[in-house]
Structures are given as structure tokens and as C-alpha cells.
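Here the structure is laid out as C-alpha cells; the discussion comes afterwards.
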Amino acid sequence: MNYRQKTKDMVIKGFSTNVSLDHYSEIGLSKAEEYYFKKYLKPGGEVLDIGCGAGRTSIPLAKHGYIVTGLDIVPKMIERARVNADRENVSINFAVGDAVDLGFDTDCFDDVIFPRNSIEYIQGKENRLKAMQEINRVMKEEGHFIFTTMNLLYFDGGKQWVKLLGQKVSRMFSEKEVGDYTYDHCTVGGIENFQHNCSPFEIKEQLKKAGFELIEHCPENWFIEGKKTNFLANFSKGRQYYITKKVGK
Ligand SMILES: C[S@@+](CC[C@H](N)C(=O)[O-])C[C@H]1O[C@@H](n2cnc3c(N)ncnc32)[C@H](O)[C@@H]1O
């Protein structure tokens with residue numbers, strides 16, 4: 001089995017464990033999500049929640065009056081999301097599917113979200129670009145695409161950059177990209193999962209190629225501290241919010 005397939009299987013298995021299903025069943029929006037969703041999602045509009053997990057964001061959005069479609073690559077997550085939505089008494093259209101190849105019509109959603117770093121579970125730069133192009137295709141013009149990633153390029157005095165330089169050299173002739181890693185922690189439950197941390201510069205370049213205009217790029221901790229975002233956000237540690245808009249043809 002090749003590296004891409006192996007790491008995709010890891011993601012599906014990692015998010016299928018009971019530990020993971022329970023972890024992602026904690027329903028509710030973060031402060032930043034509350035703010036950005038209210039500011040940018042069309043009130044009462046049709047929202048596609050990709051990598052919806054067990055419904056953490058789909059359920060509150062449905063309660064706020066949005067018409068939500070939740071999509072996830074892991075069948076067990078979708079099963080759990082349906083149970084959680086029934087318990088919360090909301091109606092959501094949940095489906096199993098891959099962000100890289102969305103089975104929806106062109107121009108059918110007002111806005112799309114891909115929350116909690118979920119785009120980072122897609123294997124390979126070209127597949128992450130494909131996902132953005134697919135998202136752009138299924139969205140209406142002027143719609144917003146909101147997502148987060150961790151920052152690969154954070155500045156911690158230089159240690160991270162030295163590590164990345166080492167990865168660049170050692171992975172030169174391998175399918176493994178700089179930023180790919182595997183982890184086994186409380187959110188998975190005893191088995192390895194794959195993740196890719198993204199460079200903000202790569203993300204911005206791909207967004208442009210996929211037909212999006214970047215409106216805001218802000219580290220979550222800066223948002224919480226009320227700090228205005230600037231160029232240094234590209235080197236700040238932690239989760240980063242990207243707010244984008246589909247550019248007209
Ligand atoms: C970190 S979890 C976040 C779950 C949810 N968005 C939340 O905030 O609680 C990442 C989710 O992305 C899903 N995922 C990973 N790769 C995907 C893909 N290619 N297409 C759709 N969903 C994917 C995983 O199955 C998992 O449910």
C-alpha cells in the first residue's frame with residue numbers, strides 16, 4: 001500500500017475509535033466561530049460543514065436557523081452525528097463523503113466551513129488544492145469559505161524552522177511532505193492518526209488558485225486577546241482562522 005493510501009486509512013481508522021467519536025461529540029462553537037459565522041455566513045442560508053465530525057458545529061448552526069449539510073469521510077462519525085442531531089432535535093442532512101471529490105451540484109451552497117483543522121487530514125498538497133477547488137465549485141458566488149489550520153511555520157526562536165529544514169532535506173525523495181506527522185493522543189485512543197500542518201503561504205497561494213479572495217487571516221489566540229492581525233500572523237503559533245470569499249468569474 002502506498003504512503004497516501006496508508007495515511008488516508010490511518011485518518012479513517014483514527015476517527016472511527018470510540019474515544020474519537022466521544023471527543024468530537026462535545027457540541028458547541030468556539031468564541032471565534034461564533035463571531036466569524038455570525039459575521040460572514042448568510043443568515044438562514046445553506047451551509048456545507050465539511051469534516052463535520054459528530055456535529056459539533058452543524059448542530060449549533062442548525063439551531064441558529066441555517067440549513068446545514070454535514071459531510072465527513074468517516075461513516076462512524078456520520079452515524080454519531082445523526083444520533084447527536086436527533087438528541088438535540090434538529091434536522092440536518094448528513095452524508096459520508098470526501099472533501100477532495102464533492103458529490104454536490106455546482107453553485108448549490110451559500111457558504112462552506114471546514115472547521116477545527118480538518119483540511120489538515122487530507123494527504124498531499126495537490127489533494128488539498130483539489131478540495132479547495134471542489135469547495136469553490138459547489139459554492140455560490142460571493143459565498144464565504146471559513147476554515148482553520150495549525151501553523152507549520154510558527155516562530156519559537158528558530159527551533160521549529162531548524163526542524164523543518166531537516167524535514168526538507170530528509171524528505172526530498174519521499175512522498176512524505178514537510179509538515180506531515182503521525183500522532184497518538186487522547187483524541188484517537190491508542191492508535192496512530194495522520195495530520196499535515198500547513199504553511200500559511202501555501203494555503204494563501206492555493207486559495208488564490210482555487211478562486212478565493214482572502215478576507216481575514218487571524219491566529220485564534222490573537223482573536224481572543226483582541227489583537228489586530230498583521231503579517232506576523234504568518235509566524236504565530238496555534239490555530240489560525242482563514243476567512244475567504246468566492247471570487248466572481
Ligand atoms: C479534527 S476532526 C474535526 C471534527 C469537527 N469538524 C469538529 O470541529 O468537531 C476532523 C474531521 O475531518 C474528517 N475528515 C478528514 N479527512 C476528510 C476528508 N478528506 N473529507 C471529509 N472529512 C474528512 C475526519 O473524519 C474528522 O471527523
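Going by the C-alpha cells order, chains are called A, B, ..., each with residues numbered from 1, while ligands are numbered from 1 in the order shown.
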
Next on the checklist: Just list as an MDAnalysis selection string whatever in range 36-227 of chain A DSSP marks as strand (DSSP E or B).
Outcome noted: chainID A and resid 46:50 67:72 93:96 109 111:114 139 144:151 180:183 193:196 198 212:219

Can I get the selection written as a tab-separated table (two decimals), in the first residue's frame, with C-alpha atoms?
```
chain	number	residue	atom	x	y	z
A	46	GLU	CA	-27.44	26.77	3.09
A	47	VAL	CA	-24.16	25.84	4.76
A	48	LEU	CA	-21.94	22.89	3.93
A	49	ASP	CA	-19.98	21.72	7.00
A	50	ILE	CA	-17.08	19.58	5.72
A	67	ILE	CA	-29.95	24.83	6.50
A	68	VAL	CA	-26.99	22.55	7.17
A	69	THR	CA	-25.43	19.70	5.22
A	70	GLY	CA	-22.72	17.88	7.20
A	71	LEU	CA	-20.18	15.79	5.33
A	72	ASP	CA	-17.47	13.53	6.74
A	93	ASN	CA	-28.67	16.39	6.10
A	94	PHE	CA	-25.59	14.27	6.97
A	95	ALA	CA	-23.62	12.35	4.33
A	96	VAL	CA	-20.42	10.32	4.05
A	109	PHE	CA	-24.34	26.25	-1.09
A	111	ASP	CA	-21.28	29.20	2.42
A	112	VAL	CA	-18.86	26.39	3.32
A	113	ILE	CA	-16.99	25.71	6.57
A	114	PHE	CA	-14.20	23.16	7.17
A	139	MET	CA	-20.46	27.44	-3.58
A	144	HIS	CA	-17.70	32.55	2.24
A	145	PHE	CA	-15.39	29.63	2.90
A	146	ILE	CA	-14.16	29.55	6.52
A	147	PHE	CA	-11.61	27.09	7.87
A	148	THR	CA	-8.69	26.72	10.27
A	149	THR	CA	-5.25	25.10	10.27
A	150	MET	CA	-2.39	24.85	12.73
A	151	ASN	CA	0.64	26.90	11.68
A	180	ASP	CA	3.29	15.52	7.68
A	181	TYR	CA	3.32	13.70	11.00
A	182	THR	CA	1.51	10.98	12.89
A	183	TYR	CA	0.21	11.20	16.43
A	193	ASN	CA	-3.51	9.11	13.16
A	194	PHE	CA	-2.06	11.24	10.34
A	195	GLN	CA	-2.04	15.03	10.11
A	196	HIS	CA	-0.35	17.66	7.98
A	198	CYS	CA	0.07	23.80	6.80
A	212	PHE	CA	-10.91	32.58	-3.37
A	213	GLU	CA	-10.08	36.03	-2.08
A	214	LEU	CA	-8.64	36.11	1.45
A	215	ILE	CA	-10.61	38.46	3.68
A	216	GLU	CA	-9.17	37.72	7.13
A	217	HIS	CA	-6.33	35.55	8.46
A	218	CYS	CA	-6.09	35.58	12.23
A	219	PRO	CA	-4.50	33.34	14.89
```

Item to check | Surrounding residues of Leu61 in chain A excluding itself and chain neighbours under 4 positions, 10 Å, only C-alpha atoms, as a ChimeraX atom specification | outcome: /A:28-29,34,37-38,41,44,47,49,55-57,65-68,90,92

Generate the output file for the selected residues, C-alpha atoms, as a CSV table (one decimal), in the first residue's frame.
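What follows is the written file part.csv:
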```csv
chain,number,residue,atom,x,y,z
A,28,GLY,CA,-20.7,23.9,20.6
A,29,LEU,CA,-19.0,26.7,18.8
A,34,GLU,CA,-19.5,32.4,17.0
A,37,PHE,CA,-20.0,32.6,11.5
A,38,LYS,CA,-22.3,35.4,12.6
A,41,LEU,CA,-22.5,33.2,6.9
A,44,GLY,CA,-30.7,31.3,7.2
A,47,VAL,CA,-24.2,25.8,4.8
A,49,ASP,CA,-20.0,21.7,7.0
A,55,GLY,CA,-21.9,17.5,14.6
A,56,ARG,CA,-20.1,19.9,16.9
A,57,THR,CA,-20.6,22.9,14.5
A,65,GLY,CA,-31.6,28.7,11.6
A,66,TYR,CA,-29.1,27.7,8.9
A,67,ILE,CA,-29.9,24.8,6.5
A,68,VAL,CA,-27.0,22.6,7.2
A,90,VAL,CA,-32.5,19.4,14.9
A,92,ILE,CA,-29.5,18.2,9.3
```

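Close contacts of Ile12 in chain A, defined as residues with an atom at most 9 Å away when counting only C-alpha atoms, with chain neighbours fewer than 3 positions off set aside, comprise Thr7, Lys8, Asp9, Phe15, Ser16, Ile73, Val74, Pro75 and Asn193 of chain A.
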
Sorted per-residue table, chain A near ligand 1, closest atoms and distance, 6 Å, only C-alpha atoms and all ligand atoms, as a tab-separated table:
```
residue	atom	partner	partner_atom_place_in_ligand_line	distance
A:Phe15	CA	ligand 1	25 (O)	5.4
A:Tyr24	CA	ligand 1	9 (O)	4.8
A:Ile50	CA	ligand 1	21 (C)	5.6
A:Gly51	CA	ligand 1	22 (N)	3.6
A:Cys52	CA	ligand 1	6 (N)	4.2
A:Gly53	CA	ligand 1	27 (O)	3.5
A:Arg56	CA	ligand 1	9 (O)	4.8
A:Asp72	CA	ligand 1	22 (N)	3.9
A:Ile73	CA	ligand 1	22 (N)	4.2
A:Val74	CA	ligand 1	25 (O)	4.7
A:Gly97	CA	ligand 1	21 (C)	5.9
A:Asp98	CA	ligand 1	20 (N)	3.7
A:Ala99	CA	ligand 1	20 (N)	3.9
A:Val100	CA	ligand 1	19 (N)	6.0
A:Pro115	CA	ligand 1	6 (N)	4.7
A:Arg116	CA	ligand 1	8 (O)	4.5
A:Asn117	CA	ligand 1	1 (C)	5.8
A:Ser118	CA	ligand 1	10 (C)	4.1
A:Tyr121	CA	ligand 1	16 (N)	4.7
A:Ile122	CA	ligand 1	19 (N)	5.1
```

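Minimum atom-to-atom distance to Lys245 in chain A, evaluated using only C-alpha atoms, belongs to A:Ile135 out of A:Ala32, A:Ile135, A:Ile191, A:Val178.
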
Contact residues around Gly248 in chain A with only C-alpha atoms at 12 Å, ignoring same-chain residues under 4 positions, as a short mmCIF file (atom, residue, chain, number, x, y, z; two decimals) with C-alpha atoms, in the first residue's frame:
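This went into around09.cif:
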```cif
data_model
loop_
_atom_site.label_atom_id
_atom_site.label_comp_id
_atom_site.auth_asym_id
_atom_site.auth_seq_id
_atom_site.Cartn_x
_atom_site.Cartn_y
_atom_site.Cartn_z
CA ASP A 107 -23.21 26.63 -7.02
CA ASN A 136 -15.28 26.73 -4.76
CA ARG A 137 -17.30 24.82 -7.36
CA MET A 139 -20.46 27.44 -3.58
CA LYS A 140 -22.47 30.35 -4.86
CA GLU A 141 -20.59 33.48 -5.93
CA GLU A 142 -19.76 35.86 -3.04
CA GLY A 143 -20.17 32.92 -0.62
CA ALA A 210 -8.89 27.79 -6.32
CA GLY A 211 -10.70 31.12 -6.89
CA PHE A 212 -10.91 32.58 -3.37
CA GLU A 213 -10.08 36.03 -2.08
#
```

Excluding same-chain residues fewer than 3 positions from Glu220 in chain A, what lies within 7 Å of it counting only C-alpha atoms, as a PDB file with C-alpha atoms, in the first residue's frame?
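Once written, part_10.pdb looks like this:
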```
ATOM      1  CA  ALA A  32     -14.043  32.781  17.231  1.00  0.00           C
ATOM      2  CA  PHE A 223      -8.609  36.904  18.246  1.00  0.00           C
ATOM      3  CA  ILE A 224      -9.211  36.023  21.914  1.00  0.00           C
ATOM      4  CA  ARG A 239      -4.766  27.538  15.280  1.00  0.00           C
ATOM      5  CA  GLN A 240      -5.326  30.075  12.521  1.00  0.00           C
ATOM      6  CA  TYR A 241      -8.622  31.238  11.032  1.00  0.00           C
TER       7      TYR A 241
END
```

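Among A:Glu205, A:Glu134, A:Lys228, A:Lys176, the residue with the shortest atom-to-atom distance to Lys6 in chain A, counting only C-alpha atoms, is A:Lys176.
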
Among range 34-230 of chain A, which ones does DSSP assign to helix (DSSP H, G or I) (computed from the backbone)? Answer as a PDB file with N, CA and C atoms, in the first residue's frame.
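Writing the result to result-v5.pdb gives the following:
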```
ATOM      1  N   GLU A  34     -18.238  31.565  16.740  1.00  0.00           N
ATOM      2  CA  GLU A  34     -19.471  32.353  16.959  1.00  0.00           C
ATOM      3  C   GLU A  34     -19.361  33.677  16.200  1.00  0.00           C
ATOM      4  N   TYR A  35     -18.198  34.323  16.380  1.00  0.00           N
ATOM      5  CA  TYR A  35     -18.004  35.653  15.800  1.00  0.00           C
ATOM      6  C   TYR A  35     -17.956  35.595  14.263  1.00  0.00           C
ATOM      7  N   TYR A  36     -17.093  34.715  13.750  1.00  0.00           N
ATOM      8  CA  TYR A  36     -16.917  34.695  12.287  1.00  0.00           C
ATOM      9  C   TYR A  36     -18.160  34.151  11.576  1.00  0.00           C
ATOM     10  N   PHE A  37     -18.816  33.149  12.151  1.00  0.00           N
ATOM     11  CA  PHE A  37     -20.009  32.595  11.485  1.00  0.00           C
ATOM     12  C   PHE A  37     -21.106  33.663  11.427  1.00  0.00           C
ATOM     13  N   LYS A  38     -21.261  34.382  12.553  1.00  0.00           N
ATOM     14  CA  LYS A  38     -22.303  35.417  12.592  1.00  0.00           C
ATOM     15  C   LYS A  38     -21.977  36.535  11.591  1.00  0.00           C
ATOM     16  N   LYS A  39     -20.695  36.857  11.513  1.00  0.00           N
ATOM     17  CA  LYS A  39     -20.283  37.971  10.640  1.00  0.00           C
ATOM     18  C   LYS A  39     -20.383  37.602   9.153  1.00  0.00           C
ATOM     19  N   TYR A  40     -20.045  36.354   8.808  1.00  0.00           N
ATOM     20  CA  TYR A  40     -19.879  36.037   7.389  1.00  0.00           C
ATOM     21  C   TYR A  40     -20.883  35.058   6.776  1.00  0.00           C
ATOM     22  N   SER A  58     -22.250  21.649  13.149  1.00  0.00           N
ATOM     23  CA  SER A  58     -23.502  21.537  12.364  1.00  0.00           C
ATOM     24  C   SER A  58     -24.719  21.776  13.248  1.00  0.00           C
ATOM     25  N   ILE A  59     -24.700  21.190  14.449  1.00  0.00           N
ATOM     26  CA  ILE A  59     -25.886  21.244  15.314  1.00  0.00           C
ATOM     27  C   ILE A  59     -26.188  22.681  15.776  1.00  0.00           C
ATOM     28  N   PRO A  60     -25.181  23.418  16.333  1.00  0.00           N
ATOM     29  CA  PRO A  60     -25.496  24.815  16.704  1.00  0.00           C
ATOM     30  C   PRO A  60     -25.918  25.666  15.506  1.00  0.00           C
ATOM     31  N   LEU A  61     -25.310  25.427  14.332  1.00  0.00           N
ATOM     32  CA  LEU A  61     -25.699  26.230  13.164  1.00  0.00           C
ATOM     33  C   LEU A  61     -27.157  25.956  12.794  1.00  0.00           C
ATOM     34  N   ALA A  62     -27.559  24.678  12.840  1.00  0.00           N
ATOM     35  CA  ALA A  62     -28.963  24.341  12.540  1.00  0.00           C
ATOM     36  C   ALA A  62     -29.882  25.016  13.560  1.00  0.00           C
ATOM     37  N   LYS A  63     -29.433  25.049  14.825  1.00  0.00           N
ATOM     38  CA  LYS A  63     -30.258  25.709  15.860  1.00  0.00           C
ATOM     39  C   LYS A  63     -30.379  27.214  15.603  1.00  0.00           C
ATOM     40  N   PRO A  75     -17.610   7.017   8.140  1.00  0.00           N
ATOM     41  CA  PRO A  75     -19.016   6.617   8.324  1.00  0.00           C
ATOM     42  C   PRO A  75     -19.457   6.620   9.789  1.00  0.00           C
ATOM     43  N   LYS A  76     -18.559   6.199  10.694  1.00  0.00           N
ATOM     44  CA  LYS A  76     -18.966   6.162  12.113  1.00  0.00           C
ATOM     45  C   LYS A  76     -19.216   7.561  12.676  1.00  0.00           C
ATOM     46  N   MET A  77     -18.462   8.556  12.190  1.00  0.00           N
ATOM     47  CA  MET A  77     -18.686   9.948  12.631  1.00  0.00           C
ATOM     48  C   MET A  77     -20.081  10.395  12.191  1.00  0.00           C
ATOM     49  N   ILE A  78     -20.438  10.045  10.963  1.00  0.00           N
ATOM     50  CA  ILE A  78     -21.752  10.457  10.446  1.00  0.00           C
ATOM     51  C   ILE A  78     -22.870   9.752  11.230  1.00  0.00           C
ATOM     52  N   GLU A  79     -22.659   8.465  11.538  1.00  0.00           N
ATOM     53  CA  GLU A  79     -23.662   7.753  12.370  1.00  0.00           C
ATOM     54  C   GLU A  79     -23.848   8.494  13.693  1.00  0.00           C
ATOM     55  N   ARG A  80     -22.696   8.865  14.339  1.00  0.00           N
ATOM     56  CA  ARG A  80     -22.754   9.534  15.636  1.00  0.00           C
ATOM     57  C   ARG A  80     -23.388  10.925  15.499  1.00  0.00           C
ATOM     58  N   ALA A  81     -23.068  11.610  14.395  1.00  0.00           N
ATOM     59  CA  ALA A  81     -23.641  12.957  14.179  1.00  0.00           C
ATOM     60  C   ALA A  81     -25.166  12.865  14.093  1.00  0.00           C
ATOM     61  N   ARG A  82     -25.655  11.817  13.421  1.00  0.00           N
ATOM     62  CA  ARG A  82     -27.126  11.665  13.300  1.00  0.00           C
ATOM     63  C   ARG A  82     -27.753  11.449  14.673  1.00  0.00           C
ATOM     64  N   VAL A  83     -27.089  10.616  15.497  1.00  0.00           N
ATOM     65  CA  VAL A  83     -27.603  10.367  16.852  1.00  0.00           C
ATOM     66  C   VAL A  83     -27.611  11.679  17.637  1.00  0.00           C
ATOM     67  N   ASN A  84     -26.503  12.432  17.557  1.00  0.00           N
ATOM     68  CA  ASN A  84     -26.399  13.697  18.309  1.00  0.00           C
ATOM     69  C   ASN A  84     -27.454  14.706  17.842  1.00  0.00           C
ATOM     70  N   ALA A  85     -27.678  14.763  16.520  1.00  0.00           N
ATOM     71  CA  ALA A  85     -28.672  15.723  15.988  1.00  0.00           C
ATOM     72  C   ALA A  85     -30.080  15.327  16.423  1.00  0.00           C
ATOM     73  N   ASP A  86     -30.378  14.026  16.437  1.00  0.00           N
ATOM     74  CA  ASP A  86     -31.711  13.567  16.901  1.00  0.00           C
ATOM     75  C   ASP A  86     -31.913  13.958  18.353  1.00  0.00           C
ATOM     76  N   ARG A  87     -30.853  13.714  19.161  1.00  0.00           N
ATOM     77  CA  ARG A  87     -30.949  14.036  20.586  1.00  0.00           C
ATOM     78  C   ARG A  87     -31.203  15.538  20.779  1.00  0.00           C
ATOM     79  N   SER A 118      -9.622  20.505   9.958  1.00  0.00           N
ATOM     80  CA  SER A 118      -9.955  19.247   9.272  1.00  0.00           C
ATOM     81  C   SER A 118      -9.296  19.127   7.899  1.00  0.00           C
ATOM     82  N   ILE A 119      -9.020  20.249   7.244  1.00  0.00           N
ATOM     83  CA  ILE A 119      -8.367  20.197   5.920  1.00  0.00           C
ATOM     84  C   ILE A 119      -6.975  19.564   6.046  1.00  0.00           C
ATOM     85  N   GLU A 120      -6.422  19.593   7.270  1.00  0.00           N
ATOM     86  CA  GLU A 120      -5.074  19.051   7.503  1.00  0.00           C
ATOM     87  C   GLU A 120      -5.021  17.527   7.475  1.00  0.00           C
ATOM     88  N   TYR A 121      -6.183  16.907   7.385  1.00  0.00           N
ATOM     89  CA  TYR A 121      -6.191  15.438   7.336  1.00  0.00           C
ATOM     90  C   TYR A 121      -6.213  14.941   5.899  1.00  0.00           C
ATOM     91  N   LYS A 125      -0.349  17.948  -1.054  1.00  0.00           N
ATOM     92  CA  LYS A 125      -0.639  19.336  -1.430  1.00  0.00           C
ATOM     93  C   LYS A 125      -1.686  19.421  -2.551  1.00  0.00           C
ATOM     94  N   GLU A 126      -1.538  18.539  -3.563  1.00  0.00           N
ATOM     95  CA  GLU A 126      -2.452  18.648  -4.712  1.00  0.00           C
ATOM     96  C   GLU A 126      -3.866  18.242  -4.324  1.00  0.00           C
ATOM     97  N   ASN A 127      -4.018  17.348  -3.365  1.00  0.00           N
ATOM     98  CA  ASN A 127      -5.366  16.978  -2.918  1.00  0.00           C
ATOM     99  C   ASN A 127      -6.001  18.089  -2.084  1.00  0.00           C
ATOM    100  N   ARG A 128      -5.166  18.797  -1.301  1.00  0.00           N
ATOM    101  CA  ARG A 128      -5.727  19.921  -0.538  1.00  0.00           C
ATOM    102  C   ARG A 128      -6.186  21.031  -1.506  1.00  0.00           C
ATOM    103  N   LEU A 129      -5.438  21.217  -2.592  1.00  0.00           N
ATOM    104  CA  LEU A 129      -5.857  22.190  -3.616  1.00  0.00           C
ATOM    105  C   LEU A 129      -7.154  21.717  -4.281  1.00  0.00           C
ATOM    106  N   LYS A 130      -7.216  20.411  -4.607  1.00  0.00           N
ATOM    107  CA  LYS A 130      -8.433  19.867  -5.230  1.00  0.00           C
ATOM    108  C   LYS A 130      -9.645  20.111  -4.343  1.00  0.00           C
ATOM    109  N   ALA A 131      -9.463  19.897  -3.031  1.00  0.00           N
ATOM    110  CA  ALA A 131     -10.572  20.112  -2.091  1.00  0.00           C
ATOM    111  C   ALA A 131     -11.027  21.572  -2.164  1.00  0.00           C
ATOM    112  N   MET A 132     -10.072  22.507  -2.195  1.00  0.00           N
ATOM    113  CA  MET A 132     -10.446  23.930  -2.270  1.00  0.00           C
ATOM    114  C   MET A 132     -11.179  24.224  -3.579  1.00  0.00           C
ATOM    115  N   GLN A 133     -10.716  23.586  -4.670  1.00  0.00           N
ATOM    116  CA  GLN A 133     -11.370  23.824  -5.969  1.00  0.00           C
ATOM    117  C   GLN A 133     -12.787  23.259  -5.967  1.00  0.00           C
ATOM    118  N   GLU A 134     -12.951  22.098  -5.328  1.00  0.00           N
ATOM    119  CA  GLU A 134     -14.278  21.491  -5.216  1.00  0.00           C
ATOM    120  C   GLU A 134     -15.200  22.371  -4.367  1.00  0.00           C
ATOM    121  N   ILE A 135     -14.646  22.887  -3.282  1.00  0.00           N
ATOM    122  CA  ILE A 135     -15.435  23.753  -2.396  1.00  0.00           C
ATOM    123  C   ILE A 135     -15.883  24.994  -3.181  1.00  0.00           C
ATOM    124  N   ASN A 136     -14.961  25.550  -3.950  1.00  0.00           N
ATOM    125  CA  ASN A 136     -15.279  26.725  -4.757  1.00  0.00           C
ATOM    126  C   ASN A 136     -16.392  26.400  -5.765  1.00  0.00           C
ATOM    127  N   ARG A 137     -16.308  25.218  -6.347  1.00  0.00           N
ATOM    128  CA  ARG A 137     -17.303  24.816  -7.363  1.00  0.00           C
ATOM    129  C   ARG A 137     -18.713  24.723  -6.766  1.00  0.00           C
ATOM    130  N   VAL A 138     -18.837  24.136  -5.571  1.00  0.00           N
ATOM    131  CA  VAL A 138     -20.187  23.896  -5.026  1.00  0.00           C
ATOM    132  C   VAL A 138     -20.788  25.144  -4.350  1.00  0.00           C
ATOM    133  N   LYS A 159      13.790  26.984  16.648  1.00  0.00           N
ATOM    134  CA  LYS A 159      13.857  25.511  16.767  1.00  0.00           C
ATOM    135  C   LYS A 159      12.966  24.832  15.712  1.00  0.00           C
ATOM    136  N   GLN A 160      11.749  25.355  15.549  1.00  0.00           N
ATOM    137  CA  GLN A 160      10.814  24.761  14.587  1.00  0.00           C
ATOM    138  C   GLN A 160      11.370  24.876  13.163  1.00  0.00           C
ATOM    139  N   TRP A 161      11.980  26.024  12.842  1.00  0.00           N
ATOM    140  CA  TRP A 161      12.491  26.226  11.481  1.00  0.00           C
ATOM    141  C   TRP A 161      13.654  25.276  11.188  1.00  0.00           C
ATOM    142  N   VAL A 162      14.478  25.019  12.203  1.00  0.00           N
ATOM    143  CA  VAL A 162      15.594  24.071  12.029  1.00  0.00           C
ATOM    144  C   VAL A 162      15.014  22.681  11.786  1.00  0.00           C
ATOM    145  N   LYS A 163      13.979  22.345  12.541  1.00  0.00           N
ATOM    146  CA  LYS A 163      13.338  21.033  12.372  1.00  0.00           C
ATOM    147  C   LYS A 163      12.771  20.898  10.946  1.00  0.00           C
ATOM    148  N   LEU A 164      12.159  21.975  10.463  1.00  0.00           N
ATOM    149  CA  LEU A 164      11.560  21.926   9.126  1.00  0.00           C
ATOM    150  C   LEU A 164      12.624  21.799   8.043  1.00  0.00           C
ATOM    151  N   LEU A 165      13.760  22.444   8.275  1.00  0.00           N
ATOM    152  CA  LEU A 165      14.875  22.342   7.326  1.00  0.00           C
ATOM    153  C   LEU A 165      15.347  20.887   7.250  1.00  0.00           C
ATOM    154  N   GLY A 166      15.436  20.249   8.408  1.00  0.00           N
ATOM    155  CA  GLY A 166      15.816  18.834   8.472  1.00  0.00           C
ATOM    156  C   GLY A 166      14.820  17.976   7.702  1.00  0.00           C
ATOM    157  N   GLN A 167      13.516  18.290   7.863  1.00  0.00           N
ATOM    158  CA  GLN A 167      12.487  17.520   7.144  1.00  0.00           C
ATOM    159  C   GLN A 167      12.622  17.745   5.634  1.00  0.00           C
ATOM    160  N   LYS A 168      12.921  18.977   5.254  1.00  0.00           N
ATOM    161  CA  LYS A 168      13.026  19.300   3.821  1.00  0.00           C
ATOM    162  C   LYS A 168      14.119  18.445   3.177  1.00  0.00           C
ATOM    163  N   VAL A 169      15.218  18.294   3.881  1.00  0.00           N
ATOM    164  CA  VAL A 169      16.342  17.515   3.333  1.00  0.00           C
ATOM    165  C   VAL A 169      15.994  16.020   3.368  1.00  0.00           C
ATOM    166  N   SER A 170      15.528  15.542   4.526  1.00  0.00           N
ATOM    167  CA  SER A 170      15.342  14.095   4.667  1.00  0.00           C
ATOM    168  C   SER A 170      14.153  13.579   3.855  1.00  0.00           C
ATOM    169  N   PRO A 200       1.059  28.943   6.063  1.00  0.00           N
ATOM    170  CA  PRO A 200       0.093  29.966   5.633  1.00  0.00           C
ATOM    171  C   PRO A 200       0.355  30.451   4.208  1.00  0.00           C
ATOM    172  N   PHE A 201       1.628  30.440   3.792  1.00  0.00           N
ATOM    173  CA  PHE A 201       1.938  30.923   2.443  1.00  0.00           C
ATOM    174  C   PHE A 201       1.404  29.951   1.389  1.00  0.00           C
ATOM    175  N   GLU A 202       1.537  28.636   1.693  1.00  0.00           N
ATOM    176  CA  GLU A 202       1.000  27.626   0.764  1.00  0.00           C
ATOM    177  C   GLU A 202      -0.530  27.734   0.709  1.00  0.00           C
ATOM    178  N   ILE A 203      -1.139  27.877   1.888  1.00  0.00           N
ATOM    179  CA  ILE A 203      -2.609  27.989   1.941  1.00  0.00           C
ATOM    180  C   ILE A 203      -3.073  29.184   1.098  1.00  0.00           C
ATOM    181  N   LYS A 204      -2.402  30.325   1.274  1.00  0.00           N
ATOM    182  CA  LYS A 204      -2.841  31.535   0.567  1.00  0.00           C
ATOM    183  C   LYS A 204      -2.674  31.376  -0.939  1.00  0.00           C
ATOM    184  N   GLU A 205      -1.581  30.736  -1.355  1.00  0.00           N
ATOM    185  CA  GLU A 205      -1.333  30.510  -2.787  1.00  0.00           C
ATOM    186  C   GLU A 205      -2.418  29.584  -3.352  1.00  0.00           C
ATOM    187  N   GLN A 206      -2.764  28.534  -2.580  1.00  0.00           N
ATOM    188  CA  GLN A 206      -3.763  27.582  -3.062  1.00  0.00           C
ATOM    189  C   GLN A 206      -5.153  28.211  -3.112  1.00  0.00           C
ATOM    190  N   LEU A 207      -5.457  29.056  -2.121  1.00  0.00           N
ATOM    191  CA  LEU A 207      -6.771  29.711  -2.109  1.00  0.00           C
ATOM    192  C   LEU A 207      -6.946  30.543  -3.385  1.00  0.00           C
ATOM    193  N   LYS A 208      -5.887  31.249  -3.751  1.00  0.00           N
ATOM    194  CA  LYS A 208      -5.927  32.101  -4.940  1.00  0.00           C
ATOM    195  C   LYS A 208      -6.164  31.245  -6.190  1.00  0.00           C
ATOM    196  N   LYS A 209      -5.404  30.139  -6.284  1.00  0.00           N
ATOM    197  CA  LYS A 209      -5.544  29.229  -7.432  1.00  0.00           C
ATOM    198  C   LYS A 209      -6.954  28.664  -7.517  1.00  0.00           C
ATOM    199  N   ALA A 210      -7.564  28.421  -6.348  1.00  0.00           N
ATOM    200  CA  ALA A 210      -8.890  27.792  -6.317  1.00  0.00           C
ATOM    201  C   ALA A 210     -10.019  28.803  -6.523  1.00  0.00           C
ATOM    202  N   GLU A 220      -6.030  32.219  16.406  1.00  0.00           N
ATOM    203  CA  GLU A 220      -7.144  32.178  17.364  1.00  0.00           C
ATOM    204  C   GLU A 220      -6.796  32.912  18.666  1.00  0.00           C
ATOM    205  N   ASN A 221      -5.542  32.746  19.140  1.00  0.00           N
ATOM    206  CA  ASN A 221      -5.191  33.414  20.405  1.00  0.00           C
ATOM    207  C   ASN A 221      -5.159  34.940  20.244  1.00  0.00           C
ATOM    208  N   TRP A 222      -4.814  35.423  19.070  1.00  0.00           N
ATOM    209  CA  TRP A 222      -4.854  36.871  18.831  1.00  0.00           C
ATOM    210  C   TRP A 222      -6.298  37.346  18.861  1.00  0.00           C
ATOM    211  N   PHE A 223      -7.186  36.556  18.261  1.00  0.00           N
ATOM    212  CA  PHE A 223      -8.609  36.904  18.246  1.00  0.00           C
ATOM    213  C   PHE A 223      -9.111  37.043  19.687  1.00  0.00           C
ATOM    214  N   ILE A 224      -8.744  36.033  20.527  1.00  0.00           N
ATOM    215  CA  ILE A 224      -9.211  36.023  21.914  1.00  0.00           C
ATOM    216  C   ILE A 224      -8.661  37.236  22.678  1.00  0.00           C
ATOM    217  N   GLU A 225      -7.390  37.577  22.388  1.00  0.00           N
ATOM    218  CA  GLU A 225      -6.768  38.727  23.084  1.00  0.00           C
ATOM    219  C   GLU A 225      -7.203  40.067  22.494  1.00  0.00           C
TER     220      GLU A 225
END
```
